[in-house]
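Student: Take a look at coords.pdb, PDB, C-alpha atoms, pLDDT in the B column:
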ATOM      1  CA  MET A  30      87.967  43.491 107.450  1.00 56.00           C
ATOM      2  CA  LYS A  31      87.229  45.318 104.173  1.00 56.00           C
ATOM      3  CA  SER A  32      85.089  47.874 106.001  1.00 54.00           C
ATOM      4  CA  ARG A  33      87.904  48.531 108.484  1.00 53.00           C
ATOM      5  CA  ILE A  34      90.427  49.079 105.668  1.00 49.00           C
ATOM      6  CA  LEU A  35      87.955  51.332 103.844  1.00 43.00           C
ATOM      7  CA  PHE A  36      87.371  53.305 107.054  1.00 45.00           C
ATOM      8  CA  LEU A  37      91.127  53.756 107.622  1.00 42.00           C
ATOM      9  CA  PHE A  38      91.574  54.778 103.993  1.00 43.00           C
ATOM     10  CA  ILE A  39      88.826  57.424 104.271  1.00 45.00           C
ATOM     11  CA  ILE A  40      90.333  58.757 107.516  1.00 43.00           C
ATOM     12  CA  LEU A  41      93.766  58.962 105.856  1.00 40.00           C
ATOM     13  CA  ILE A  42      92.351  60.869 102.862  1.00 41.00           C
ATOM     14  CA  PHE A  43      90.424  63.234 105.125  1.00 39.00           C
ATOM     15  CA  TYR A  44      93.488  63.891 107.269  1.00 37.00           C
ATOM     16  CA  SER A  45      95.752  64.570 104.288  1.00 38.00           C
ATOM     17  CA  CYS A  46      93.221  66.957 102.710  1.00 39.00           C
ATOM     18  CA  SER A  47      92.407  68.837 105.896  1.00 36.00           C
ATOM     19  CA  GLY A  48      95.955  70.049 106.543  1.00 41.00           C
ATOM     20  CA  ASN A  49      96.972  73.602 105.802  1.00 46.00           C
ATOM     21  CA  LYS A  50      98.386  73.720 102.285  1.00 52.00           C
ATOM     22  CA  TYR A  51     100.513  76.703 103.269  1.00 60.00           C
ATOM     23  CA  SER A  52     103.701  76.367 105.243  1.00 72.00           C
ATOM     24  CA  ASN A  53     106.765  78.303 106.230  1.00 78.00           C
ATOM     25  CA  VAL A  54     109.424  77.896 103.551  1.00 85.00           C
ATOM     26  CA  PRO A  55     112.899  77.853 105.137  1.00 88.00           C
ATOM     27  CA  VAL A  56     114.857  81.045 104.527  1.00 91.00           C
ATOM     28  CA  ARG A  57     117.776  79.111 102.993  1.00 92.00           C
ATOM     29  CA  ASP A  58     115.340  78.116 100.186  1.00 92.00           C
ATOM     30  CA  GLU A  59     114.210  81.714  99.648  1.00 95.00           C
ATOM     31  CA  ILE A  60     117.359  83.849  99.862  1.00 96.00           C
ATOM     32  CA  ASP A  61     120.170  83.469  97.350  1.00 95.00           C
ATOM     33  CA  PHE A  62     123.470  85.203  98.110  1.00 95.00           C
ATOM     34  CA  SER A  63     124.914  84.505  94.645  1.00 94.00           C
ATOM     35  CA  PHE A  64     124.857  87.119  91.904  1.00 95.00           C
ATOM     36  CA  LYS A  65     124.386  85.115  88.727  1.00 94.00           C
ATOM     37  CA  LYS A  66     123.447  86.471  85.335  1.00 97.00           C
ATOM     38  CA  PHE A  67     119.809  87.446  85.055  1.00 97.00           C
ATOM     39  CA  SER A  68     119.129  84.768  82.407  1.00 97.00           C
ATOM     40  CA  GLU A  69     120.095  82.101  84.984  1.00 97.00           C
ATOM     41  CA  ILE A  70     117.901  83.709  87.646  1.00 96.00           C
ATOM     42  CA  LYS A  71     114.979  83.946  85.218  1.00 96.00           C
ATOM     43  CA  LYS A  72     115.268  80.224  84.485  1.00 97.00           C
ATOM     44  CA  GLU A  73     115.393  79.429  88.219  1.00 95.00           C
ATOM     45  CA  GLU A  74     112.294  81.558  88.876  1.00 96.00           C
ATOM     46  CA  ILE A  75     110.449  79.809  86.028  1.00 95.00           C
ATOM     47  CA  ASP A  76     111.521  76.419  87.425  1.00 94.00           C
ATOM     48  CA  LYS A  77     110.103  77.474  90.813  1.00 92.00           C
ATOM     49  CA  LYS A  78     106.857  78.383  89.011  1.00 95.00           C
ATOM     50  CA  SER A  79     107.183  81.979  90.173  1.00 96.00           C
ATOM     51  CA  LYS A  80     104.855  84.539  88.631  1.00 96.00           C
ATOM     52  CA  ASP A  81     106.462  87.416  86.699  1.00 97.00           C
ATOM     53  CA  ILE A  82     104.940  90.564  88.223  1.00 97.00           C
ATOM     54  CA  SER A  83     107.374  93.067  86.690  1.00 97.00           C
ATOM     55  CA  LEU A  84     105.969  96.574  86.312  1.00 96.00           C
ATOM     56  CA  GLY A  85     107.318  96.983  82.775  1.00 95.00           C
ATOM     57  CA  TYR A  86     108.947 100.335  83.445  1.00 96.00           C
ATOM     58  CA  PHE A  87     112.014 101.554  85.296  1.00 95.00           C
ATOM     59  CA  TRP A  88     111.811 102.361  88.981  1.00 95.00           C
ATOM     60  CA  GLY A  89     114.656 103.082  91.361  1.00 92.00           C
ATOM     61  CA  ILE A  90     116.017 102.398  94.815  1.00 92.00           C
ATOM     62  CA  GLY A  91     116.889 105.062  97.384  1.00 91.00           C
ATOM     63  CA  GLU A  92     120.512 105.679  98.338  1.00 90.00           C
ATOM     64  CA  ASP A  93     119.719 104.754 101.952  1.00 90.00           C
ATOM     65  CA  ILE A  94     118.873 101.235 100.734  1.00 92.00           C
ATOM     66  CA  TYR A  95     121.464 100.892  97.937  1.00 93.00           C
ATOM     67  CA  PRO A  96     124.243 103.512  98.084  1.00 91.00           C
ATOM     68  CA  SER A  97     125.761 102.475  94.724  1.00 91.00           C
ATOM     69  CA  PHE A  98     122.529 102.765  92.729  1.00 93.00           C
ATOM     70  CA  GLU A  99     123.691 105.796  90.704  1.00 91.00           C
ATOM     71  CA  MET A 100     126.927 104.031  89.676  1.00 92.00           C
ATOM     72  CA  TYR A 101     125.140 101.709  87.224  1.00 93.00           C
ATOM     73  CA  LYS A 102     122.801 101.944  84.270  1.00 95.00           C
ATOM     74  CA  PHE A 103     120.131  99.352  84.960  1.00 96.00           C
ATOM     75  CA  GLU A 104     117.674  97.656  82.676  1.00 97.00           C
ATOM     76  CA  ILE A 105     113.995  97.592  83.635  1.00 97.00           C
ATOM     77  CA  PRO A 106     113.862  95.689  86.954  1.00 98.00           C
ATOM     78  CA  ARG A 107     112.233  92.252  86.986  1.00 98.00           C
ATOM     79  CA  SER A 108     109.984  91.134  89.822  1.00 98.00           C
ATOM     80  CA  TYR A 109     108.723  87.673  90.673  1.00 98.00           C
ATOM     81  CA  GLN A 110     106.162  86.461  93.143  1.00 97.00           C
ATOM     82  CA  ARG A 111     107.047  83.070  94.535  1.00 94.00           C
ATOM     83  CA  ASN A 112     104.434  80.387  95.175  1.00 86.00           C
ATOM     84  CA  GLU A 113     102.281  81.128  98.170  1.00 81.00           C
ATOM     85  CA  ASN A 114     103.213  79.807 101.578  1.00 87.00           C
ATOM     86  CA  ASN A 115     102.616  81.426 104.953  1.00 89.00           C
ATOM     87  CA  PHE A 116     103.795  84.633 103.262  1.00 93.00           C
ATOM     88  CA  ILE A 117     103.605  86.230  99.838  1.00 93.00           C
ATOM     89  CA  LEU A 118     107.237  86.651  98.772  1.00 96.00           C
ATOM     90  CA  LYS A 119     108.179  89.102  96.039  1.00 97.00           C
ATOM     91  CA  VAL A 120     111.752  89.237  94.714  1.00 98.00           C
ATOM     92  CA  ASP A 121     113.087  92.165  92.633  1.00 98.00           C
ATOM     93  CA  TYR A 122     116.226  91.979  90.481  1.00 98.00           C
ATOM     94  CA  PHE A 123     118.227  94.970  89.232  1.00 97.00           C
ATOM     95  CA  PHE A 124     120.695  94.097  86.502  1.00 97.00           C
ATOM     96  CA  THR A 125     122.828  95.819  83.886  1.00 96.00           C
ATOM     97  CA  LYS A 126     122.699  95.430  80.094  1.00 97.00           C
ATOM     98  CA  ASP A 127     125.219  92.558  80.287  1.00 97.00           C
ATOM     99  CA  GLU A 128     122.761  90.788  82.677  1.00 97.00           C
ATOM    100  CA  GLN A 129     124.915  91.211  85.791  1.00 97.00           C
ATOM    101  CA  ILE A 130     122.659  91.393  88.824  1.00 97.00           C
ATOM    102  CA  LYS A 131     123.851  94.132  91.171  1.00 96.00           C
ATOM    103  CA  PHE A 132     120.939  94.375  93.607  1.00 97.00           C
ATOM    104  CA  LYS A 133     118.168  92.067  94.876  1.00 97.00           C
ATOM    105  CA  SER A 134     115.318  92.801  97.194  1.00 97.00           C
ATOM    106  CA  TYR A 135     113.001  90.398  98.939  1.00 98.00           C
ATOM    107  CA  GLU A 136     109.651  91.407 100.394  1.00 97.00           C
ATOM    108  CA  TRP A 137     107.539  89.173 102.654  1.00 96.00           C
ATOM    109  CA  ASN A 138     103.901  90.186 102.974  1.00 94.00           C
ATOM    110  CA  GLU A 139     100.823  88.744 104.589  1.00 91.00           C
ATOM    111  CA  ASN A 140      99.120  85.897 102.766  1.00 88.00           C
ATOM    112  CA  GLU A 141      95.494  87.003 102.864  1.00 84.00           C
ATOM    113  CA  LYS A 142      94.282  83.434 102.286  1.00 85.00           C
ATOM    114  CA  ILE A 143      95.427  82.496 105.778  1.00 84.00           C
ATOM    115  CA  GLU A 144      95.910  84.446 108.965  1.00 81.00           C
ATOM    116  CA  THR A 145      99.546  85.472 109.019  1.00 80.00           C
ATOM    117  CA  SER A 146      99.985  86.386 112.675  1.00 85.00           C
ATOM    118  CA  ASN A 147     102.414  88.819 114.287  1.00 86.00           C
ATOM    119  CA  GLU A 148     104.129  85.779 115.803  1.00 90.00           C
ATOM    120  CA  MET A 149     104.669  84.281 112.330  1.00 91.00           C
ATOM    121  CA  PHE A 150     106.248  87.569 111.183  1.00 92.00           C
ATOM    122  CA  ASN A 151     108.430  87.664 114.319  1.00 92.00           C
ATOM    123  CA  GLU A 152     109.636  84.114 113.681  1.00 94.00           C
ATOM    124  CA  LYS A 153     110.327  84.843 109.997  1.00 95.00           C
ATOM    125  CA  PHE A 154     112.192  88.060 110.829  1.00 96.00           C
ATOM    126  CA  HIS A 155     114.429  86.297 113.361  1.00 96.00           C
ATOM    127  CA  GLU A 156     114.970  83.343 111.007  1.00 97.00           C
ATOM    128  CA  ILE A 157     116.125  85.754 108.274  1.00 97.00           C
ATOM    129  CA  LYS A 158     118.372  87.640 110.722  1.00 98.00           C
ATOM    130  CA  LYS A 159     119.964  84.404 111.932  1.00 97.00           C
ATOM    131  CA  TYR A 160     120.536  83.122 108.374  1.00 97.00           C
ATOM    132  CA  ILE A 161     122.173  86.351 107.207  1.00 98.00           C
ATOM    133  CA  THR A 162     124.348  86.515 110.333  1.00 98.00           C
ATOM    134  CA  GLU A 163     125.496  82.923 109.718  1.00 97.00           C
ATOM    135  CA  ASN A 164     126.486  83.874 106.145  1.00 96.00           C
ATOM    136  CA  LEU A 165     127.753  87.464 106.464  1.00 96.00           C
ATOM    137  CA  GLY A 166     128.791  87.739 110.103  1.00 96.00           C
ATOM    138  CA  LYS A 167     127.564  89.941 112.913  1.00 97.00           C
ATOM    139  CA  PRO A 168     125.504  92.999 111.863  1.00 98.00           C
ATOM    140  CA  TYR A 169     127.143  96.388 112.266  1.00 97.00           C
ATOM    141  CA  LEU A 170     123.823  98.168 112.911  1.00 97.00           C
ATOM    142  CA  GLU A 171     120.695  97.102 114.772  1.00 97.00           C
ATOM    143  CA  VAL A 172     117.896  99.565 115.512  1.00 96.00           C
ATOM    144  CA  TYR A 173     114.543  98.456 116.903  1.00 93.00           C
ATOM    145  CA  GLU A 174     111.553 100.740 117.431  1.00 90.00           C
ATOM    146  CA  ASP A 175     109.018 100.020 120.153  1.00 87.00           C
ATOM    147  CA  LEU A 176     105.613 100.077 118.464  1.00 84.00           C
ATOM    148  CA  GLU A 177     103.766 100.459 121.768  1.00 82.00           C
ATOM    149  CA  LYS A 178     105.763 103.554 122.782  1.00 80.00           C
ATOM    150  CA  SER A 179     105.784 105.086 119.309  1.00 77.00           C
ATOM    151  CA  LYS A 180     103.720 108.181 118.606  1.00 78.00           C
ATOM    152  CA  GLU A 181     103.573 107.034 114.995  1.00 82.00           C
ATOM    153  CA  GLU A 182     101.218 104.402 113.610  1.00 86.00           C
ATOM    154  CA  MET A 183     104.168 102.478 112.162  1.00 88.00           C
ATOM    155  CA  ALA A 184     107.423 101.213 113.659  1.00 91.00           C
ATOM    156  CA  ARG A 185     110.506 100.131 111.741  1.00 92.00           C
ATOM    157  CA  ASP A 186     113.355  97.818 112.682  1.00 95.00           C
ATOM    158  CA  ASP A 187     116.653  98.070 110.763  1.00 96.00           C
ATOM    159  CA  ILE A 188     119.583  95.653 110.664  1.00 98.00           C
ATOM    160  CA  LYS A 189     122.624  96.062 108.392  1.00 97.00           C
ATOM    161  CA  TRP A 190     125.493  93.724 107.541  1.00 98.00           C
ATOM    162  CA  GLN A 191     128.623  94.231 105.516  1.00 96.00           C
ATOM    163  CA  SER A 192     131.042  91.491 104.585  1.00 94.00           C
ATOM    164  CA  LYS A 193     133.987  91.603 102.226  1.00 92.00           C
ATOM    165  CA  ASN A 194     131.789  90.919  99.180  1.00 91.00           C
ATOM    166  CA  LEU A 195     128.184  91.585 100.152  1.00 96.00           C
ATOM    167  CA  SER A 196     126.003  93.986 102.063  1.00 97.00           C
ATOM    168  CA  ALA A 197     122.525  93.294 103.377  1.00 97.00           C
ATOM    169  CA  TYR A 198     119.847  95.534 104.847  1.00 97.00           C
ATOM    170  CA  LEU A 199     116.907  93.939 106.664  1.00 98.00           C
ATOM    171  CA  LEU A 200     113.862  96.031 107.529  1.00 96.00           C
ATOM    172  CA  ARG A 201     110.667  95.157 109.312  1.00 96.00           C
ATOM    173  CA  PHE A 202     107.613  97.380 109.327  1.00 94.00           C
ATOM    174  CA  ARG A 203     104.961  96.939 112.018  1.00 92.00           C
ATOM    175  CA  GLY A 204     101.751  98.908 112.273  1.00 88.00           C
ATOM    176  CA  LYS A 205      99.388  99.483 115.154  1.00 84.00           C
ATOM    177  CA  GLY A 206      96.555  98.332 112.905  1.00 81.00           C
ATOM    178  CA  GLY A 207      98.223  94.934 112.427  1.00 82.00           C
ATOM    179  CA  PHE A 208     100.323  95.744 109.339  1.00 90.00           C
ATOM    180  CA  ASN A 209     103.460  93.604 108.949  1.00 93.00           C
ATOM    181  CA  GLN A 210     106.086  93.531 106.216  1.00 95.00           C
ATOM    182  CA  ILE A 211     109.682  92.342 106.012  1.00 97.00           C
ATOM    183  CA  ARG A 212     112.116  93.602 103.369  1.00 97.00           C
ATOM    184  CA  LEU A 213     115.647  92.515 102.622  1.00 98.00           C
ATOM    185  CA  ALA A 214     118.095  94.201 100.254  1.00 98.00           C
ATOM    186  CA  ILE A 215     121.291  92.409  99.172  1.00 98.00           C
ATOM    187  CA  TYR A 216     123.987  93.877  96.957  1.00 97.00           C
ATOM    188  CA  CYS A 217     127.619  93.398  95.980  1.00 89.00           C
ATOM    189  CA  ASN A 218     130.242  95.709  97.493  1.00 79.00           C
TER     190      ASN A 218
END
Go ahead and express the file in the form of structure tokens.
Tutor:
Amino acid sequence: MKSRILFLFIILIFYSCSGNKYSNVPVRDEIDFSFKKFSEIKKEEIDKKSKDISLGYFWGIGEDIYPSFEMYKFEIPRSYQRNENNFILKVDYFFTKDEQIKFKSYEWNENEKIETSNEMFNEKFHEIKKYITENLGKPYLEVYEDLEKSKEEMARDDIKWQSKNLSAYLLRFRGKGGFNQIRLAIYCN
């Protein structure tokens, strides 16, 4: 009897240790549509055990991504890398001197410690699109490039939403060499 219990215990330990420690974090746990003060966001990122990967100097955003960028005087942007899952997620925050966040960007990249397949990127992209549509309504722009028919090495998909209070811009980059990246920009109107 003791040997049977010991055997089952060893099997249970082996099974629990053999599983993939990485998983797909649901989008609702990654994307925040609120625009709190940066001090609150910083505390939340610390609580999530995110790594501060800020560059330490000012860098900007193009008008095609954030049309109101020139309207504000921003502090040095802060960037955080969330704990690893199936993707490496980086979040950038642009805020003013009074700590009001005006712009956020999310960037999902391949986790080199596991094989992040094209299918995983497709699923993540569609999960993000569905979540934003549920929160902001139907997108007003959807443009998809066919990577196979493209003369370029890279294809880009663009989706844009605009609600009464928020705008969002979702981009996906796909390369013929296997490159994948998803970016999301969210800002107040």
Student: For the provided coordinates, the residues matched by the PyMOL selection byres ((chain A and resi 165-181) around 10) should be stated as an MDAnalysis selection string.
Tutor: chainID A and resid 62 158:164 182:205
Student: For the structure shown, which residues end up in the PyMOL selection byres ((chain A and resi 142) around 12)? Put them as a ChimeraX atom specification, please?
Tutor: /A:49-51,113-117,138-141,143-145
Student: Considering only C-alpha atoms, return as a list of chain:residue names whatever protein or nucleic-acid residues lie within 8 Å of range 66-71 of chain A, sequence-local ones (same chain, fewer than 6 positions apart) excluded.
Tutor: A:Tyr122, A:Phe124, A:Glu128, A:Gln129, A:Ile130
Student: Enclose range 85-94 of chain A, meaning all of its atoms listed in the file, in a box aligned along x, y and z, pad it by 4 Å on each side, and list the centre and edge lengths in Å to one decimal, as lines of an AutoDock Vina configuration file.
Tutor:
center_x = 113.9
center_y = 101.3
center_z = 92.4
size_x = 21.2
size_y = 16.7
size_z = 27.2
Student: Taking only residues of range 118-164 of chain A that have an atom at most 10 Å from an atom of range 83-101 of chain A, what is each one's shortest atom pair and its distance in Å to one decimal, using only C-alpha atoms, in chain and number order, as a tab-separated table?
Tutor:
residue	atom	partner	partner_atom	distance
A:Val120	CA	A:Ser83	CA	9.9
A:Asp121	CA	A:Ser83	CA	8.3
A:Tyr122	CA	A:Ser83	CA	9.7
A:Phe123	CA	A:Gly89	CA	9.1
A:Phe124	CA	A:Tyr101	CA	8.8
A:Thr125	CA	A:Tyr101	CA	7.2
A:Lys126	CA	A:Tyr101	CA	9.8
A:Lys131	CA	A:Tyr101	CA	8.6
A:Phe132	CA	A:Tyr95	CA	7.8
A:Lys133	CA	A:Tyr95	CA	9.9
A:Ser134	CA	A:Ile94	CA	9.8
Student: So that I can check the surroundings of Glu74 in chain A, please list as a list in words every protein, DNA and RNA residue that reaches within 9 Å of it, counting all atoms listed in the file and ignoring chain neighbours fewer than 5 positions away.
Tutor: Glu69, Ser79, Lys80, Asp81, Tyr109, Gln110 and Arg111 of chain A
Student: What is the distance, in Å and to one decimal place, between CA of Lys72 in chain A and CA of Glu156 in chain A?
Tutor: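 We find that CA of Lys72 in chain A and CA of Glu156 in chain A lie 26.7 Å from each other.
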Student: Find the distance between CA of Lys102 in chain A and CA of Arg212 in chain A and write it in Å to one decimal.
Tutor: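 Interatomic distance here is 23.4 Å.
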Student: Can you tell me how far CA of Gly207 in chain A sits from CA of Glu148 in chain A, in Å to one decimal?
Tutor: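 CA of Gly207 in chain A sits 11.4 Å away from CA of Glu148 in chain A.
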Student: Which one of A:Leu118, A:Asp127, A:Asn209, A:Glu136 sits closest to Asn53 in chain A if you count all atoms listed in the file?
Tutor: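 Among the listed residues, A:Leu118 lies closest to Asn53 in chain A.
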Student: With distances taken over all atoms listed in the file, which of A:Asn112, A:Ser63, A:Lys153, A:Asn147 is nearest to Gly206 in chain A?
Tutor: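 Among the listed residues, the smallest separation from Gly206 in chain A belongs to A:Asn147.
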